[in-house]
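Read through the structure below, which is laid out as structure tokens, and then see the notes.
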Amino acid sequence: MKAYTTIFAQILRLRQTCCHPTLVRNQDVVTEEELAGAEADAAAGLSDDMDLQSLIQQFTAATTSDEKDANAFGTHVLEQIRDEAVNECPICSEEPMIDQTVTGCWHSACQKCLLDYMKHHTDRHEVPRCFSCRKPLSSRDIFQVVRHDDDIDTSQNSPKISLQRLGVNESSSKVVSLMKHLRELRREHPRMKSVVFSQFTSFMSLIEPALTKANMRFLRLDGTINQKTRAAILKEFAACDKFTILLLSLRAGGVGLNLTQAKRVFMMDPWWSFAVEAQAIDRVHRMGQDEEVKVYRFICKDSVEERMLKVQDRKKFM
Ligand SMILES: [Zn+2]
Ligand SMILES: [Zn+2]
């Protein structure tokens, strides 16, 4: 019996890996890395995801003239990005740059040029230095310019622009893919409501920051929430008429719920039996649903999840 339990524990690990690599990493190491990163960021005034407009405001709000001088270049670069100024890549001379990418010292180049340039140096065991100002470049401090045409900054009346640390926001392909779907959905249906199902509350906690970053309103319901709060959350989800996502754990949302206000269902991970998934989907697709419902299931290719689908198929015929 013990051997069985061990095997299931291992399979569970594999399934969690499909959702997000952080779920199976040693938590102490993850915490240490996060702390070290946070300290470096606090010192440099950087973060994983920075709103361009707020950065410009921060820079221009400097009071002493020394600070103003130091910030002048950064402000200039950021304003050019905001105004979509066409600039040449200092490495390949392409104009405009392809996938403009900014360093911690606010110099920019095409993403590929910059990464190739850094790799060229690290391959020779040299510390890469900025192609423009010669400051040492760290692979942590490379930021991608991302324009969100589904998310309008009302004060500027233009799409929000963010500088996102390269790599960090792509830590899980499921989260990236989910966000892509949700952004498209918000663009097409700015008031639509969706339900995102997962079996792992730890995974739900990793989806939350991505939603917050994208400025998406969400509610969360999992097994730890008491009856009273649960009722309040469901009532709120039913009543609101804004683009809203309900994060629901498969256990909390399997039975008894009526979620016909939602029109999209995202199943983040498969269950051993399709019946359990179907039951969850039926919360949305049931009597009272007056519109077409689309269901998206996220399955990692060539992984334990594909095996699970095979098990599901076998069970369907039993
Ligand atoms: Zn280039
Ligand atoms: Zn530089």
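Starting from 1 in every chain, residues are counted up; chains themselves are A, B, ... following the order of the structure tokens, and ligands are numbered from 1 as listed.
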
Can you list, as an MDAnalysis selection string, every protein, DNA or RNA residue that comes within 12 Å of region 88-90 of chain A when you count only C-alpha atoms, leaving out same-chain residues fewer than 6 positions away?
chainID A and resid 96:102 107:114 117 130:133

Write to file, as an mmCIF file, in the first residue's frame, the residues of the selection just made, with N, CA and C atoms.
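Output file part-v4.cif follows:
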data_model
loop_
_atom_site.group_PDB
_atom_site.id
_atom_site.type_symbol
_atom_site.label_atom_id
_atom_site.label_comp_id
_atom_site.auth_asym_id
_atom_site.auth_seq_id
_atom_site.Cartn_x
_atom_site.Cartn_y
_atom_site.Cartn_z
ATOM 1 N N PRO A 96 11.951 50.503 -36.900
ATOM 2 C CA PRO A 96 12.118 50.533 -35.440
ATOM 3 C C PRO A 96 12.664 49.203 -34.916
ATOM 4 N N MET A 97 13.018 49.202 -33.646
ATOM 5 C CA MET A 97 13.549 47.982 -33.037
ATOM 6 C C MET A 97 12.495 46.880 -33.052
ATOM 7 N N ILE A 98 12.949 45.642 -33.133
ATOM 8 C CA ILE A 98 12.017 44.513 -33.097
ATOM 9 C C ILE A 98 11.898 44.044 -31.650
ATOM 10 N N ASP A 99 10.687 44.066 -31.108
ATOM 11 C CA ASP A 99 10.449 43.715 -29.699
ATOM 12 C C ASP A 99 11.364 44.512 -28.779
ATOM 13 N N GLN A 100 11.171 45.809 -28.788
ATOM 14 C CA GLN A 100 12.026 46.690 -27.989
ATOM 15 C C GLN A 100 12.168 46.201 -26.548
ATOM 16 N N THR A 101 13.409 46.149 -26.099
ATOM 17 C CA THR A 101 13.717 45.641 -24.769
ATOM 18 C C THR A 101 14.638 46.642 -24.079
ATOM 19 N N VAL A 102 14.356 46.909 -22.804
ATOM 20 C CA VAL A 102 15.041 47.982 -22.098
ATOM 21 C C VAL A 102 15.906 47.402 -20.981
ATOM 22 N N HIS A 107 18.709 51.737 -21.460
ATOM 23 C CA HIS A 107 19.099 51.713 -22.872
ATOM 24 C C HIS A 107 18.307 50.602 -23.541
ATOM 25 N N SER A 108 17.977 50.793 -24.817
ATOM 26 C CA SER A 108 17.158 49.747 -25.425
ATOM 27 C C SER A 108 17.696 49.255 -26.750
ATOM 28 N N ALA A 109 17.275 48.038 -27.081
ATOM 29 C CA ALA A 109 17.669 47.383 -28.328
ATOM 30 C C ALA A 109 16.591 46.368 -28.670
ATOM 31 N N CYS A 110 16.714 45.728 -29.847
ATOM 32 C CA CYS A 110 15.795 44.631 -30.167
ATOM 33 C C CYS A 110 16.025 43.536 -29.121
ATOM 34 N N GLN A 111 14.961 42.807 -28.811
ATOM 35 C CA GLN A 111 15.105 41.763 -27.802
ATOM 36 C C GLN A 111 16.177 40.746 -28.186
ATOM 37 N N LYS A 112 16.123 40.298 -29.443
ATOM 38 C CA LYS A 112 17.062 39.259 -29.858
ATOM 39 C C LYS A 112 18.499 39.796 -29.851
ATOM 40 N N CYS A 113 18.669 41.021 -30.343
ATOM 41 C CA CYS A 113 20.013 41.622 -30.371
ATOM 42 C C CYS A 113 20.592 41.665 -28.960
ATOM 43 N N LEU A 114 19.778 42.133 -28.020
ATOM 44 C CA LEU A 114 20.253 42.304 -26.653
ATOM 45 C C LEU A 114 20.618 40.957 -26.025
ATOM 46 N N TYR A 117 23.723 39.558 -27.637
ATOM 47 C CA TYR A 117 24.874 40.344 -27.186
ATOM 48 C C TYR A 117 25.319 39.872 -25.794
ATOM 49 N N CYS A 130 26.605 47.136 -20.728
ATOM 50 C CA CYS A 130 25.668 47.818 -21.616
ATOM 51 C C CYS A 130 26.407 48.304 -22.863
ATOM 52 N N PHE A 131 25.799 48.076 -24.032
ATOM 53 C CA PHE A 131 26.397 48.463 -25.315
ATOM 54 C C PHE A 131 26.516 49.971 -25.420
ATOM 55 N N SER A 132 25.791 50.675 -24.553
ATOM 56 C CA SER A 132 25.778 52.122 -24.691
ATOM 57 C C SER A 132 26.545 52.821 -23.564
ATOM 58 N N CYS A 133 26.243 52.448 -22.292
ATOM 59 C CA CYS A 133 26.869 53.184 -21.188
ATOM 60 C C CYS A 133 27.882 52.338 -20.420
#

For Arg307 (chain A), list every protein, DNA or RNA residue within 12 Å, evaluated using only C-alpha atoms, and leave out those in the same chain fewer than 4 positions away; present the list as a CSV table (one decimal) with N, CA, C and O atoms, in the first residue's frame.
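The file below, around_3.csv, is the result:
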chain,number,residue,atom,x,y,z
A,11,ILE,N,3.2,11.1,-9.0
A,11,ILE,CA,2.3,11.5,-10.1
A,11,ILE,C,1.8,12.9,-9.9
A,11,ILE,O,1.7,13.8,-10.7
A,14,LEU,N,4.2,15.4,-10.8
A,14,LEU,CA,4.3,15.6,-12.2
A,14,LEU,C,3.1,16.5,-12.7
A,14,LEU,O,3.3,17.4,-13.5
A,15,ARG,N,2.0,16.3,-12.1
A,15,ARG,CA,0.8,17.1,-12.5
A,15,ARG,C,1.0,18.5,-12.1
A,15,ARG,O,0.6,19.4,-12.9
A,270,PRO,N,-6.5,18.7,-15.7
A,270,PRO,CA,-7.4,17.6,-15.8
A,270,PRO,C,-7.6,16.8,-14.5
A,270,PRO,O,-6.7,16.7,-13.7
A,271,TRP,N,-8.7,16.2,-14.3
A,271,TRP,CA,-9.0,15.3,-13.2
A,271,TRP,C,-8.9,13.8,-13.7
A,271,TRP,O,-9.1,13.6,-14.9
A,272,TRP,N,-8.8,12.9,-12.9
A,272,TRP,CA,-8.7,11.5,-13.3
A,272,TRP,C,-9.9,11.0,-14.0
A,272,TRP,O,-9.9,10.2,-14.9
A,273,SER,N,-11.1,11.5,-13.6
A,273,SER,CA,-12.3,11.1,-14.2
A,273,SER,C,-13.0,12.3,-14.8
A,273,SER,O,-13.1,13.4,-14.2
A,299,ILE,N,-4.1,21.4,-21.3
A,299,ILE,CA,-3.4,20.2,-21.2
A,299,ILE,C,-1.9,20.3,-21.7
A,299,ILE,O,-1.7,20.8,-22.8
A,300,CYS,N,-1.0,19.9,-20.9
A,300,CYS,CA,0.4,20.0,-21.3
A,300,CYS,C,0.7,18.8,-22.3
A,300,CYS,O,0.5,17.7,-21.9
A,301,LYS,N,1.3,19.2,-23.4
A,301,LYS,CA,1.6,18.2,-24.4
A,301,LYS,C,2.7,17.3,-23.9
A,301,LYS,O,3.6,17.7,-23.1
A,302,ASP,N,2.7,16.0,-24.3
A,302,ASP,CA,3.7,15.0,-23.9
A,302,ASP,C,3.9,14.9,-22.4
A,302,ASP,O,5.1,14.8,-22.0
A,303,SER,N,2.9,15.0,-21.6
A,303,SER,CA,3.1,15.0,-20.2
A,303,SER,C,2.2,14.0,-19.5
A,303,SER,O,1.3,13.4,-20.2
A,311,VAL,N,-6.7,7.8,-19.5
A,311,VAL,CA,-7.4,7.2,-18.4
A,311,VAL,C,-8.8,7.6,-18.4
A,311,VAL,O,-9.7,6.8,-18.3
A,312,GLN,N,-9.1,8.9,-18.6
A,312,GLN,CA,-10.4,9.4,-18.7
A,312,GLN,C,-11.2,8.7,-19.8
A,312,GLN,O,-12.4,8.3,-19.6
A,313,ASP,N,-10.6,8.5,-21.0
A,313,ASP,CA,-11.3,7.8,-22.1
A,313,ASP,C,-11.6,6.4,-21.7
A,313,ASP,O,-12.7,6.0,-22.0
A,314,ARG,N,-10.7,5.7,-21.1
A,314,ARG,CA,-11.0,4.3,-20.7
A,314,ARG,C,-12.2,4.3,-19.7
A,314,ARG,O,-13.1,3.5,-19.8

Show which residues sit within 7 Å of region 201-216 of chain A, as a ChimeraX atom specification. Count only C-alpha atoms, and ignore same-chain residues fewer than 5 positions away.
/A:19,175,244,247,249

Pick from A:Glu84, A:Glu34, A:Glu39, A:Asp141: nearest to ligand 2, with only C-alpha atoms and all ligand atoms counted?
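Between A:Glu84, A:Glu34, A:Glu39, A:Asp141, the residue approaching ligand 2 most closely is A:Asp141.
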
Taking 6 positions as the minimum chain separation for residues in the same chain, which residues sit within 12 Å of Asp83 (chain A) when counting only C-alpha atoms? Answer as a PyMOL selection string.
chain A and resi 52-53+76-77+147+156+158-161

Counting only C-alpha atoms, the option among A:Ser194, A:Thr64, A:Ser172, A:Gln279 closest to Gln261 (chain A):
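Result for the nearest residue to Gln261 (chain A): A:Ser194.
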
I'd like the neighbourhood of Leu234 (chain A) as a ChimeraX atom specification, where a residue qualifies if any of its atoms comes within 12 Å (using only C-alpha atoms), though same-chain residues fewer than 3 positions away should be ignored.
/A:195,218-222,225,227-231,237-240,244-248,252-253,256-262

Work out how far CA of Thr22 (chain A) is from CA of Ile281 (chain A), in Å to one decimal.
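One can read the CA of Ile281 (chain A) to CA of Thr22 (chain A) distance as 27.3 Å.
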
Among region 100-230 of chain A, which residues carry a DSSP assignment of strand (DSSP E or B), reported as JSON, numbers by chain?
{"A": [100, 101, 102, 103, 108, 109, 110, 129, 136, 142, 143, 144, 145, 146, 147, 148, 149, 150, 151, 152, 153, 158, 159, 160, 161, 162, 163, 164, 165, 193, 194, 195, 196, 197, 198, 217, 218, 219, 220, 221]}
